[in-house]
$ cat data27.pdb   # PDB, C-alpha atoms and all ligand atoms
ATOM      1  CA  MET K   1     -49.914  79.572 114.210
ATOM      2  CA  ASP K   2     -51.558  81.932 116.620
ATOM      3  CA  ARG K   3     -52.044  79.112 119.071
ATOM      4  CA  ASN K   4     -48.402  78.028 118.765
ATOM      5  CA  ASN K   5     -47.238  81.564 119.445
ATOM      6  CA  ARG K   6     -49.384  81.750 122.514
ATOM      7  CA  ILE K   7     -47.930  78.491 123.786
ATOM      8  CA  LEU K   8     -44.358  79.607 123.143
ATOM      9  CA  GLU K   9     -44.964  82.961 124.756
ATOM     10  CA  TYR K  10     -45.840  81.094 127.928
ATOM     11  CA  TYR K  11     -42.692  78.973 127.782
ATOM     12  CA  TYR K  12     -40.582  82.117 127.494
ATOM     13  CA  SER K  13     -42.378  83.829 130.374
ATOM     14  CA  GLU K  14     -40.871  84.388 133.800
ATOM     15  CA  GLU K  15     -43.741  82.470 135.270
ATOM     16  CA  PHE K  16     -42.731  79.292 133.427
ATOM     17  CA  THR K  17     -39.023  79.840 134.148
ATOM     18  CA  ARG K  18     -39.819  79.972 137.865
ATOM     19  CA  LEU K  19     -41.954  76.847 137.659
ATOM     20  CA  LYS K  20     -39.203  75.038 135.774
ATOM     21  CA  SER K  21     -36.576  75.810 138.381
ATOM     22  CA  THR K  22     -38.911  74.684 141.177
ATOM     23  CA  CYS K  23     -39.502  71.423 139.332
ATOM     24  CA  ASP K  24     -35.799  70.986 138.528
ATOM     25  CA  SER K  25     -34.944  70.903 142.189
ATOM     26  CA  LEU K  26     -37.894  68.683 143.045
ATOM     27  CA  MET K  27     -37.126  66.315 140.235
ATOM     28  CA  SER K  28     -33.364  66.148 140.436
ATOM     29  CA  SER K  29     -33.502  62.496 141.416
ATOM     30  CA  GLN K  30     -36.117  61.678 138.774
ATOM     31  CA  LYS K  31     -34.341  63.440 135.964
ATOM     32  CA  GLU K  32     -31.925  60.637 135.230
ATOM     33  CA  PHE K  33     -34.817  58.175 135.144
ATOM     34  CA  ASN K  34     -36.670  60.283 132.623
ATOM     35  CA  GLU K  35     -33.545  60.559 130.460
ATOM     36  CA  TYR K  36     -33.090  56.812 130.603
ATOM     37  CA  ILE K  37     -36.681  56.229 129.479
ATOM     38  CA  ASP K  38     -36.345  58.790 126.681
ATOM     39  CA  GLU K  39     -33.262  56.931 125.426
ATOM     40  CA  LYS K  40     -35.121  53.648 125.601
ATOM     41  CA  VAL K  41     -38.065  54.983 123.589
ATOM     42  CA  LYS K  42     -35.683  56.234 120.901
ATOM     43  CA  SER K  43     -33.725  53.020 120.692
ATOM     44  CA  ILE K  44     -36.885  50.891 120.435
ATOM     45  CA  SER K  45     -38.411  53.022 117.724
ATOM     46  CA  GLY K  46     -35.075  52.786 115.900
ATOM     47  CA  LEU K  47     -35.003  48.996 116.191
ATOM     48  CA  PHE K  48     -37.711  48.488 113.580
ATOM     49  CA  GLY K  49     -37.235  51.680 111.655
ATOM     50  CA  THR K  50     -40.574  53.152 112.631
ATOM     51  CA  ASN K  51     -40.468  56.832 111.951
ATOM     52  CA  ILE K  52     -41.826  59.548 114.103
ATOM     53  CA  VAL K  53     -43.051  62.441 112.022
ATOM     54  CA  ARG K  54     -43.191  65.761 113.699
ATOM     55  CA  GLU K  55     -45.890  68.244 112.985
ATOM     56  CA  ASP K  56     -44.516  71.036 110.864
ATOM     57  CA  THR K  57     -43.965  74.207 112.686
ATOM     58  CA  VAL K  58     -42.343  77.371 111.442
ATOM     59  CA  ILE K  59     -41.151  78.345 114.874
ATOM     60  CA  GLU K  60     -37.610  77.385 115.724
ATOM     61  CA  ASP K  61     -36.826  77.093 119.374
ATOM     62  CA  GLU K  62     -34.728  74.853 121.541
ATOM     63  CA  TYR K  63     -37.286  72.079 121.290
ATOM     64  CA  ASN K  64     -38.054  72.714 117.650
ATOM     65  CA  TYR K  65     -41.599  71.580 118.004
ATOM     66  CA  ILE K  66     -44.829  72.205 119.775
ATOM     67  CA  HIS K  67     -46.405  68.800 119.689
ATOM     68  CA  PRO K  68     -43.483  66.449 120.060
ATOM     69  CA  TYR K  69     -44.829  63.357 118.395
ATOM     70  CA  LYS K  70     -47.620  63.791 115.939
ATOM     71  CA  LYS K  71     -47.828  60.589 114.002
ATOM     72  CA  SER K  72     -45.752  57.575 113.280
ATOM     73  CA  LEU K  73     -45.158  55.748 110.044
ATOM     74  CA  THR K  74     -44.256  52.138 109.653
ATOM     75  CA  PRO K  75     -42.461  51.263 106.478
ATOM     76  CA  PHE K  76     -43.738  47.700 106.240
ATOM     77  CA  THR K  77     -46.236  47.546 103.398
ATOM     78  CA  ALA K  78     -46.849  44.666 100.998
ATOM     79  CA  GLU K  79     -48.594  45.228  97.662
ATOM     80  CA  VAL K  80     -50.337  41.938  96.987
ATOM     81  CA  SER K  81     -52.750  40.318  94.527
ATOM     82  CA  ALA K  82     -56.478  40.034  95.175
ATOM     83  CA  SER K  83     -56.221  36.367  96.136
ATOM     84  CA  VAL K  84     -53.283  36.873  98.504
ATOM     85  CA  PHE K  85     -55.097  39.841 100.004
ATOM     86  CA  ALA K  86     -58.166  37.683 100.720
ATOM     87  CA  SER K  87     -56.066  34.949 102.335
ATOM     88  CA  ALA K  88     -54.079  37.461 104.362
ATOM     89  CA  GLU K  89     -57.326  38.815 105.764
ATOM     90  CA  ASN K  90     -58.136  35.336 107.045
ATOM     91  CA  TYR K  91     -54.667  34.401 108.300
ATOM     92  CA  PRO K  92     -52.917  37.696 108.983
ATOM     93  CA  LEU K  93     -49.932  36.399 110.954
ATOM     94  CA  ASP K  94     -49.175  33.578 108.521
ATOM     95  CA  TYR K  95     -49.074  36.137 105.763
ATOM     96  CA  VAL K  96     -46.950  38.521 107.789
ATOM     97  CA  VAL K  97     -44.426  35.677 107.968
ATOM     98  CA  LYS K  98     -44.742  34.959 104.226
ATOM     99  CA  GLN K  99     -44.450  38.561 103.113
ATOM    100  CA  PHE K 100     -42.114  40.118 105.640
ATOM    101  CA  TYR K 101     -40.101  37.223 107.004
ATOM    102  CA  SER K 102     -39.161  35.371 103.859
ATOM    103  CA  ASN K 103     -35.479  34.836 104.678
ATOM    104  CA  LYS K 104     -34.992  32.097 107.249
ATOM    105  CA  ALA K 105     -31.336  32.942 107.640
ATOM    106  CA  LEU K 106     -32.387  36.194 109.280
ATOM    107  CA  TYR K 107     -34.792  34.583 111.746
ATOM    108  CA  PRO K 108     -32.430  34.313 114.721
ATOM    109  CA  GLU K 109     -31.648  38.015 114.530
ATOM    110  CA  GLN K 110     -35.283  38.940 113.863
ATOM    111  CA  ILE K 111     -36.533  36.776 116.732
ATOM    112  CA  GLN K 112     -34.042  38.474 119.010
ATOM    113  CA  LYS K 113     -35.333  41.901 117.971
ATOM    114  CA  LEU K 114     -38.965  40.870 118.449
ATOM    115  CA  GLN K 115     -38.123  39.443 121.831
ATOM    116  CA  LEU K 116     -36.478  42.699 122.831
ATOM    117  CA  LEU K 117     -39.507  44.628 121.588
ATOM    118  CA  VAL K 118     -41.900  42.605 123.765
ATOM    119  CA  GLU K 119     -39.713  43.064 126.821
ATOM    120  CA  GLU K 120     -39.265  46.776 126.313
ATOM    121  CA  LEU K 121     -42.945  47.412 125.632
ATOM    122  CA  GLU K 122     -43.690  45.850 129.008
ATOM    123  CA  THR K 123     -41.005  47.886 130.738
ATOM    124  CA  LEU K 124     -42.301  51.053 129.146
ATOM    125  CA  ARG K 125     -45.823  50.341 130.298
ATOM    126  CA  GLU K 126     -44.517  50.190 133.862
ATOM    127  CA  ALA K 127     -42.369  53.285 133.314
ATOM    128  CA  LYS K 128     -45.412  55.152 132.055
ATOM    129  CA  GLN K 129     -47.199  54.508 135.327
ATOM    130  CA  ILE K 130     -44.174  55.704 137.293
ATOM    131  CA  ILE K 131     -44.030  58.912 135.243
ATOM    132  CA  GLU K 132     -47.752  59.469 135.913
ATOM    133  CA  ASN K 133     -47.014  59.100 139.642
ATOM    134  CA  GLN K 134     -44.186  61.640 139.369
ATOM    135  CA  LYS K 135     -46.531  64.051 137.603
ATOM    136  CA  THR K 136     -49.080  63.663 140.397
ATOM    137  CA  GLU K 137     -46.402  64.598 142.913
ATOM    138  CA  ILE K 138     -45.810  68.001 141.316
ATOM    139  CA  GLN K 139     -49.483  68.859 140.657
ATOM    140  CA  GLN K 140     -49.604  71.205 143.648
ATOM    141  CA  TYR K 141     -47.092  73.489 141.881
ATOM    142  CA  LEU K 142     -49.061  73.583 138.658
ATOM    143  CA  SER K 143     -52.191  75.423 139.767
ATOM    144  CA  GLU K 144     -51.081  78.628 138.007
ATOM    145  CA  VAL K 145     -50.409  77.004 134.654
ATOM    146  CA  PRO K 146     -52.859  78.395 132.071
ATOM    147  CA  ASP K 147     -55.483  75.877 130.950
ATOM    148  CA  PHE K 148     -54.757  76.424 127.284
ATOM    149  CA  ILE K 149     -51.219  75.104 127.719
ATOM    150  CA  ILE K 150     -52.402  71.791 129.123
ATOM    151  CA  GLU K 151     -55.264  71.601 126.648
ATOM    152  CA  ASN K 152     -53.068  72.265 123.616
ATOM    153  CA  ASP K 153     -49.610  71.078 124.536
ATOM    154  CA  GLU K 154     -49.712  68.707 127.465
ATOM    155  CA  ASP K 155     -46.869  66.460 126.216
ATOM    156  CA  GLY K 156     -44.717  69.436 125.262
ATOM    157  CA  PHE K 157     -45.294  71.058 128.636
ATOM    158  CA  TYR K 158     -44.209  68.012 130.613
ATOM    159  CA  SER K 159     -41.308  67.320 128.296
ATOM    160  CA  ARG K 160     -40.002  70.865 128.958
ATOM    161  CA  LEU K 161     -40.195  70.128 132.665
ATOM    162  CA  GLY K 162     -37.969  67.118 132.081
ATOM    163  CA  PHE K 163     -40.497  64.279 131.931
ATOM    164  CA  ALA K 164     -40.043  61.489 129.418
ATOM    165  CA  THR K 165     -42.736  61.202 126.759
ATOM    166  CA  ILE K 166     -43.870  57.697 126.017
ATOM    167  CA  ASN K 167     -45.988  57.716 122.933
ATOM    168  CA  GLU K 168     -47.108  54.181 122.196
ATOM    169  CA  LYS K 169     -47.970  55.057 118.629
ATOM    170  CA  SER K 170     -44.339  55.632 117.849
ATOM    171  CA  LEU K 171     -43.496  52.195 119.212
ATOM    172  CA  VAL K 172     -46.076  50.108 117.433
ATOM    173  CA  VAL K 173     -44.776  47.985 114.634
ATOM    174  CA  ALA K 174     -47.519  47.339 112.089
ATOM    175  CA  TYR K 175     -47.647  45.391 108.854
ATOM    176  CA  LYS K 176     -49.827  46.660 106.070
ATOM    177  CA  PHE K 177     -51.352  44.668 103.230
ATOM    178  CA  SER K 178     -52.567  46.603 100.271
ATOM    179  CA  TYR K 179     -54.322  45.566  97.065
ATOM    180  CA  THR K 180     -54.922  47.745  94.037
ATOM    181  CA  SER K 181     -57.171  46.504  91.214
ATOM    182  CA  ASN K 182     -55.832  46.366  87.645
ATOM    183  CA  ALA K 183     -57.456  49.561  86.568
ATOM    184  CA  GLY K 184     -56.283  51.173  89.750
ATOM    185  CA  TYR K 185     -59.812  52.192  90.716
ATOM    186  CA  ALA K 186     -60.196  50.121  93.796
ATOM    187  CA  GLN K 187     -57.671  50.102  96.550
ATOM    188  CA  ARG K 188     -58.064  48.123  99.709
ATOM    189  CA  SER K 189     -55.748  47.746 102.629
ATOM    190  CA  PHE K 190     -55.595  46.588 106.196
ATOM    191  CA  ILE K 191     -53.062  46.761 108.972
ATOM    192  CA  VAL K 192     -51.859  44.046 111.339
ATOM    193  CA  PRO K 193     -50.743  45.834 114.497
ATOM    194  CA  MET K 194     -48.142  44.047 116.585
ATOM    195  CA  THR K 195     -49.454  43.968 120.106
ATOM    196  CA  GLU K 196     -47.473  42.121 122.754
ATOM    197  CA  GLU K 197     -49.677  39.064 122.260
ATOM    198  CA  THR K 198     -49.274  39.061 118.480
ATOM    199  CA  ILE K 199     -45.509  39.547 118.742
ATOM    200  CA  VAL K 200     -45.272  36.505 120.995
ATOM    201  CA  GLU K 201     -47.379  34.558 118.494
ATOM    202  CA  LEU K 202     -45.165  35.740 115.647
ATOM    203  CA  ILE K 203     -42.011  34.660 117.509
ATOM    204  CA  GLN K 204     -43.531  31.227 117.991
ATOM    205  CA  LYS K 205     -44.394  30.937 114.309
ATOM    206  CA  LEU K 206     -40.855  31.894 113.314
ATOM    207  CA  GLU K 207     -39.320  29.492 115.830
ATOM    208  CA  ASP K 208     -41.498  26.661 114.570
ATOM    209  CA  LYS K 209     -39.850  27.052 111.201
ATOM    210  CA  LEU K 210     -36.379  26.883 112.692
ATOM    211  CA  THR K 211     -36.083  23.128 113.052
ATOM    212  CA  PHE K 212     -32.289  23.143 113.338
ATOM    213  CA  SER K 213     -32.300  24.949 116.651
ATOM    214  CA  ALA K 214     -34.798  22.590 118.238
ATOM    215  CA  PHE K 215     -32.631  22.157 121.309
ATOM    216  CA  ALA K 216     -32.346  25.853 122.106
ATOM    217  CA  LYS K 217     -36.040  26.249 121.360
ATOM    218  CA  GLU K 218     -37.048  23.664 123.923
ATOM    219  CA  GLN K 219     -34.876  25.253 126.564
ATOM    220  CA  ARG K 220     -36.138  28.703 125.899
ATOM    221  CA  LEU K 221     -39.121  30.308 127.485
ATOM    222  CA  LEU K 222     -40.877  33.282 126.042
ATOM    223  CA  MET K 223     -40.523  36.487 127.964
ATOM    224  CA  THR K 224     -44.198  36.899 128.665
ATOM    225  CA  SER K 225     -45.566  39.259 131.290
ATOM    226  CA  LYS K 226     -46.331  36.174 133.386
ATOM    227  CA  LEU K 227     -42.697  35.099 133.362
ATOM    228  CA  ARG K 228     -41.506  38.623 134.171
ATOM    229  CA  GLN K 229     -43.838  38.713 137.139
ATOM    230  CA  GLU K 230     -42.603  35.298 138.293
ATOM    231  CA  ILE K 231     -38.968  36.414 138.266
ATOM    232  CA  LYS K 232     -39.763  39.594 140.181
ATOM    233  CA  GLU K 233     -41.694  37.640 142.802
ATOM    234  CA  ARG K 234     -38.897  35.089 143.089
ATOM    235  CA  ASP K 235     -36.419  37.952 143.649
ATOM    236  CA  ASN K 236     -38.749  39.639 146.132
ATOM    237  CA  PHE K 237     -39.069  42.772 143.973
ATOM    238  CA  THR K 238     -35.460  43.490 144.885
ATOM    239  CA  CYS K 239     -32.594  44.476 142.606
ATOM    240  CA  GLN K 240     -30.108  41.601 142.631
ATOM    241  CA  ALA K 241     -27.171  43.968 142.179
ATOM    242  CA  CYS K 242     -27.715  46.813 144.643
ATOM    243  CA  GLY K 243     -30.445  45.478 146.925
ATOM    244  CA  ASN K 244     -32.844  48.355 146.308
ATOM    245  CA  SER K 245     -36.483  47.250 146.269
ATOM    246  CA  ILE K 246     -39.979  48.597 145.745
ATOM    247  CA  SER K 247     -40.551  48.451 149.479
ATOM    248  CA  LYS K 248     -37.672  50.938 149.936
ATOM    249  CA  GLU K 249     -38.511  52.984 146.826
ATOM    250  CA  PRO K 250     -42.158  52.564 145.750
ATOM    251  CA  ASN K 251     -41.653  54.159 142.316
ATOM    252  CA  LEU K 252     -38.670  51.990 141.448
ATOM    253  CA  LEU K 253     -38.682  50.575 137.927
ATOM    254  CA  LEU K 254     -37.556  46.954 137.972
ATOM    255  CA  GLU K 255     -36.382  45.257 134.830
ATOM    256  CA  ILE K 256     -35.689  41.652 133.931
ATOM    257  CA  ASP K 257     -32.089  41.067 132.958
ATOM    258  CA  HIS K 258     -30.421  38.179 131.152
ATOM    259  CA  LYS K 259     -27.305  37.437 133.221
ATOM    260  CA  VAL K 260     -25.622  36.148 130.093
ATOM    261  CA  PRO K 261     -27.002  38.465 127.409
ATOM    262  CA  VAL K 262     -29.081  37.038 124.564
ATOM    263  CA  SER K 263     -26.539  38.469 122.107
ATOM    264  CA  LYS K 264     -23.844  36.282 123.738
ATOM    265  CA  GLY K 265     -25.962  33.146 123.535
ATOM    266  CA  GLY K 266     -27.744  33.565 126.874
ATOM    267  CA  LEU K 267     -31.092  31.816 126.990
ATOM    268  CA  THR K 268     -34.399  32.989 128.382
ATOM    269  CA  VAL K 269     -34.430  30.407 131.161
ATOM    270  CA  LYS K 270     -35.190  31.127 134.783
ATOM    271  CA  ASN K 271     -31.662  30.638 136.088
ATOM    272  CA  ASN K 272     -30.334  33.093 133.515
ATOM    273  CA  LEU K 273     -32.859  35.756 134.517
ATOM    274  CA  GLN K 274     -32.649  38.210 137.364
ATOM    275  CA  THR K 275     -34.375  41.351 138.594
ATOM    276  CA  LEU K 276     -32.382  44.555 138.278
ATOM    277  CA  CYS K 277     -33.407  48.104 139.057
ATOM    278  CA  TRP K 278     -33.222  50.529 136.124
ATOM    279  CA  ARG K 279     -30.072  52.177 137.512
ATOM    280  CA  CYS K 280     -28.132  48.922 137.656
ATOM    281  CA  ASN K 281     -29.552  47.772 134.338
ATOM    282  CA  ARG K 282     -28.468  51.036 132.783
ATOM    283  CA  SER K 283     -24.911  50.755 134.026
ATOM    284  CA  LYS K 284     -24.733  47.092 133.022
ATOM    285  CA  GLY K 285     -25.910  48.062 129.540
ATOM    286  CA  SER K 286     -23.248  50.694 129.139
ATOM    287  CA  LYS K 287     -20.540  48.297 130.347
ATOM    288  CA  LEU K 288     -21.468  45.790 127.668
ATOM    289  CA  ILE K 289     -20.945  48.342 124.910
TER     290      ILE K 289
HETATM  291 ZN    ZN K 301     -29.969  48.150 141.461
END

$ encode --input "data27.pdb" --output "structure tokens"
Amino acid sequence: MDRNNRILEYYYSEEFTRLKSTCDSLMSSQKEFNEYIDEKVKSISGLFGTNIVREDTVIEDEYNYIHPYKKSLTPFTAEVSASVFASAENYPLDYVVKQFYSNKALYPEQIQKLQLLVEELETLREAKQIIENQKTEIQQYLSEVPDFIIENDEDGFYSRLGFATINEKSLVVAYKFSYTSNAGYAQRSFIVPMTEETIVELIQKLEDKLTFSAFAKEQRLLMTSKLRQEIKERDNFTCQACGNSISKEPNLLLEIDHKVPVSKGGLTVKNNLQTLCWRCNRSKGSKLI
């Protein structure tokens, strides 16, 4: 409580107001980027229904929180028998498929979502580095910022200055297996976190079960980081729409775009993929809606 008040007092001070206006003018060109990334983070965490739970705070202000993202919850939990639990420990992904992907009719849509998740996690990792670079650029203006602000509210501080917050925890999809003994005395559980590698493995397992789309499956590549890198190299790290490149703008976020979108039947094949900068990708995205 006391600590929160101290933090807020700083944000309401003239000192911080001055700093914020200095940063606003410095960051005018980066602001739109940070907004774009914030939107992306929200839409990805919404894709799988992972919830971000804010730390309770009694103080109401514009931001309504001190620590923006405290913990995340994933609603995917399976209560299973002792024998299933033991098998799931040995073959976690097979049991994720059994427990959480039991309806084959939904696979195409689910595969599409998982595919999008892998791609966006990669993009966000690159965006995170760019945001770190932007933060480095303004460090010289931050020498007067009290230590206790950075120690206690680093994310909140930067988010007030207009930086996007990428909290990986809120983006991780995880599947939980839980077993409770008859008497209810013993409870055991474990979590299968979906890293990029495990998501790719999961997609492959789901596709293997979809025999009817064998043709599309053969044609399709998986959007691995290797493939993304290949497309960027092929396109010379240059946006295929506006011609901007990382040699012109070192902190430019490049994304891989499906020329014909996956939702319209576009495949993940090299001639349907192109490099776009985030600005062009953003305006393409809004045109499609
Ligand atoms: Zn562009």

$ resolve_selection --input "data27.pdb" --expression "the PyMOL selection byres (((not hetatm)) within 9 of (chain K and resi 301))" --output "PyMOL selection string"
chain K and resi 238-245+254+275-281

$ resolve_selection --input "data27.pdb" --expression "the PyMOL selection byres (((chain K and resi 228) around 12) and not hetatm)" --output "count of residues only"
33

$ closest_atom_pairs --input "data27.pdb" --of "segment 143-228 of chain K" --to "segment 8-19 of chain K" --cutoff "12 Å" --atoms "all atoms listed in the file" --output "tab-separated table"
residue	atom	partner	partner_atom	distance
K:Ser143	CA	K:Leu19	CA	10.5
K:Glu144	CA	K:Glu15	CA	8.7
K:Val145	CA	K:Phe16	CA	8.1
K:Pro146	CA	K:Tyr10	CA	8.6
K:Asp147	CA	K:Tyr10	CA	11.4
K:Phe148	CA	K:Tyr10	CA	10.1
K:Ile149	CA	K:Tyr10	CA	8.1
K:Ile150	CA	K:Tyr10	CA	11.4
K:Asn152	CA	K:Leu8	CA	11.4
K:Asp153	CA	K:Leu8	CA	10.1
K:Gly156	CA	K:Tyr11	CA	10.1
K:Phe157	CA	K:Tyr11	CA	8.4
K:Tyr158	CA	K:Tyr11	CA	11.4
K:Ser159	CA	K:Tyr11	CA	11.7
K:Arg160	CA	K:Tyr11	CA	8.6
K:Leu161	CA	K:Leu19	CA	8.6
K:Gly162	CA	K:Leu19	CA	11.9

$ atom_distance --input "data27.pdb" --atom1 "atom CA of Lys42 of chain K" --atom2 "atom CA of Leu171 of chain K"
9.0 Å

$ closest_residue --input "data27.pdb" --among "K:Asn251, K:Gln140, K:Asn4, K:Ser43" --to "Lys128 of chain K" --atoms "only C-alpha atoms"
K:Asn251

$ closest_residue --input "data27.pdb" --among "K:Asn90, K:Ser178, K:Asn271, K:Gln30" --to "Phe76 of chain K" --atoms "only C-alpha atoms"
K:Ser178

$ resolve_selection --input "data27.pdb" --expression "the PyMOL selection byres (((chain K and resi 94) around 12) and not hetatm)" --output "ChimeraX atom specification"
/K:84,87-93,95-102,175,192,198,201-206,208-209

$ atom_distance --input "data27.pdb" --atom1 "atom CA of Glu137 of chain K" --atom2 "atom CA of Asp38 of chain K"
20.0 Å

$ closest_residue --input "data27.pdb" --among "K:Gln134, K:Ser45, K:Asn272, K:Gln187" --to "Leu26 of chain K" --atoms "all atoms listed in the file"
K:Gln134

$ atom_distance --input "data27.pdb" --atom1 "atom CA of Lys264 of chain K" --atom2 "atom CA of Gln112 of chain K"
11.5 Å

$ closest_residue --input "data27.pdb" --among "K:Leu114, K:Ala186, K:Leu106, K:Leu252" --to "Val172 of chain K" --atoms "only C-alpha atoms"
K:Leu114

$ axis_aligned_box --input "data27.pdb" --around "segment 31-45 of chain K" --padding-each-side "4 Å" --output "lines of an AutoDock Vina configuration file"
center_x = -35.2
center_y = 57.2
center_z = 126.8
size_x = 14.5
size_y = 20.5
size_z = 26.2

$ closest_residue --input "data27.pdb" --among "K:Ala78, K:Asn34, K:Lys113, K:Glu196" --to "Lys176 of chain K" --atoms "only C-alpha atoms"
K:Ala78

$ closest_residue --input "data27.pdb" --among "K:Val260, K:Ala183, K:Leu267, K:Ala174" --to "Gly285 of chain K" --atoms "all atoms listed in the file"
K:Val260

$ residues_near_point --input "data27.pdb" --point "(-55.9, 41.6, 99.9)" --cutoff "9 Å" --atoms "only C-alpha atoms" --output "PDB file with C-alpha atoms, keeping the file's coordinate frame"
ATOM      1  CA  GLU K  79     -48.594  45.228  97.662  1.00  0.00           C
ATOM      2  CA  VAL K  80     -50.337  41.938  96.987  1.00  0.00           C
ATOM      3  CA  SER K  81     -52.750  40.318  94.527  1.00  0.00           C
ATOM      4  CA  ALA K  82     -56.478  40.034  95.175  1.00  0.00           C
ATOM      5  CA  SER K  83     -56.221  36.367  96.136  1.00  0.00           C
ATOM      6  CA  VAL K  84     -53.283  36.873  98.504  1.00  0.00           C
ATOM      7  CA  PHE K  85     -55.097  39.841 100.004  1.00  0.00           C
ATOM      8  CA  ALA K  86     -58.166  37.683 100.720  1.00  0.00           C
ATOM      9  CA  SER K  87     -56.066  34.949 102.335  1.00  0.00           C
ATOM     10  CA  ALA K  88     -54.079  37.461 104.362  1.00  0.00           C
ATOM     11  CA  GLU K  89     -57.326  38.815 105.764  1.00  0.00           C
ATOM     12  CA  PHE K 177     -51.352  44.668 103.230  1.00  0.00           C
ATOM     13  CA  SER K 178     -52.567  46.603 100.271  1.00  0.00           C
ATOM     14  CA  TYR K 179     -54.322  45.566  97.065  1.00  0.00           C
ATOM     15  CA  THR K 180     -54.922  47.745  94.037  1.00  0.00           C
ATOM     16  CA  ARG K 188     -58.064  48.123  99.709  1.00  0.00           C
ATOM     17  CA  SER K 189     -55.748  47.746 102.629  1.00  0.00           C
ATOM     18  CA  PHE K 190     -55.595  46.588 106.196  1.00  0.00           C
TER      19      PHE K 190
END

$ build_atoms --input "data27.pdb" --residues "segment 259-274 of chain K" --atoms "N, CA and C atoms" --output "PDB file, in the coordinates of the input"
ATOM      1  N   LYS K 259     -28.656  37.386 132.649  1.00  0.00           N
ATOM      2  CA  LYS K 259     -27.305  37.437 133.221  1.00  0.00           C
ATOM      3  C   LYS K 259     -26.274  37.287 132.101  1.00  0.00           C
ATOM      4  N   VAL K 260     -26.404  36.239 131.317  1.00  0.00           N
ATOM      5  CA  VAL K 260     -25.622  36.148 130.093  1.00  0.00           C
ATOM      6  C   VAL K 260     -26.520  36.713 128.996  1.00  0.00           C
ATOM      7  N   PRO K 261     -26.112  37.807 128.359  1.00  0.00           N
ATOM      8  CA  PRO K 261     -27.002  38.465 127.409  1.00  0.00           C
ATOM      9  C   PRO K 261     -27.397  37.569 126.223  1.00  0.00           C
ATOM     10  N   VAL K 262     -28.585  37.806 125.705  1.00  0.00           N
ATOM     11  CA  VAL K 262     -29.081  37.038 124.564  1.00  0.00           C
ATOM     12  C   VAL K 262     -28.078  37.119 123.399  1.00  0.00           C
ATOM     13  N   SER K 263     -27.484  38.297 123.216  1.00  0.00           N
ATOM     14  CA  SER K 263     -26.539  38.469 122.107  1.00  0.00           C
ATOM     15  C   SER K 263     -25.272  37.620 122.276  1.00  0.00           C
ATOM     16  N   LYS K 264     -25.009  37.148 123.516  1.00  0.00           N
ATOM     17  CA  LYS K 264     -23.844  36.282 123.738  1.00  0.00           C
ATOM     18  C   LYS K 264     -24.275  34.837 123.936  1.00  0.00           C
ATOM     19  N   GLY K 265     -25.484  34.514 123.472  1.00  0.00           N
ATOM     20  CA  GLY K 265     -25.962  33.146 123.535  1.00  0.00           C
ATOM     21  C   GLY K 265     -26.743  32.811 124.795  1.00  0.00           C
ATOM     22  N   GLY K 266     -26.970  33.805 125.654  1.00  0.00           N
ATOM     23  CA  GLY K 266     -27.744  33.565 126.874  1.00  0.00           C
ATOM     24  C   GLY K 266     -29.192  33.214 126.549  1.00  0.00           C
ATOM     25  N   LEU K 267     -29.729  32.256 127.273  1.00  0.00           N
ATOM     26  CA  LEU K 267     -31.092  31.816 126.990  1.00  0.00           C
ATOM     27  C   LEU K 267     -32.085  32.471 127.943  1.00  0.00           C
ATOM     28  N   THR K 268     -33.339  32.524 127.497  1.00  0.00           N
ATOM     29  CA  THR K 268     -34.399  32.989 128.382  1.00  0.00           C
ATOM     30  C   THR K 268     -34.871  31.810 129.213  1.00  0.00           C
ATOM     31  N   VAL K 269     -34.062  31.462 130.219  1.00  0.00           N
ATOM     32  CA  VAL K 269     -34.430  30.407 131.161  1.00  0.00           C
ATOM     33  C   VAL K 269     -34.313  31.018 132.545  1.00  0.00           C
ATOM     34  N   LYS K 270     -35.100  30.468 133.483  1.00  0.00           N
ATOM     35  CA  LYS K 270     -35.190  31.127 134.783  1.00  0.00           C
ATOM     36  C   LYS K 270     -33.846  31.374 135.453  1.00  0.00           C
ATOM     37  N   ASN K 271     -32.914  30.391 135.362  1.00  0.00           N
ATOM     38  CA  ASN K 271     -31.662  30.638 136.088  1.00  0.00           C
ATOM     39  C   ASN K 271     -30.731  31.608 135.385  1.00  0.00           C
ATOM     40  N   ASN K 272     -31.108  32.034 134.172  1.00  0.00           N
ATOM     41  CA  ASN K 272     -30.334  33.093 133.515  1.00  0.00           C
ATOM     42  C   ASN K 272     -31.014  34.459 133.649  1.00  0.00           C
ATOM     43  N   LEU K 273     -32.124  34.499 134.391  1.00  0.00           N
ATOM     44  CA  LEU K 273     -32.859  35.756 134.517  1.00  0.00           C
ATOM     45  C   LEU K 273     -32.763  36.295 135.937  1.00  0.00           C
ATOM     46  N   GLN K 274     -32.659  37.597 136.044  1.00  0.00           N
ATOM     47  CA  GLN K 274     -32.649  38.210 137.364  1.00  0.00           C
ATOM     48  C   GLN K 274     -33.327  39.578 137.313  1.00  0.00           C
TER      49      GLN K 274
END
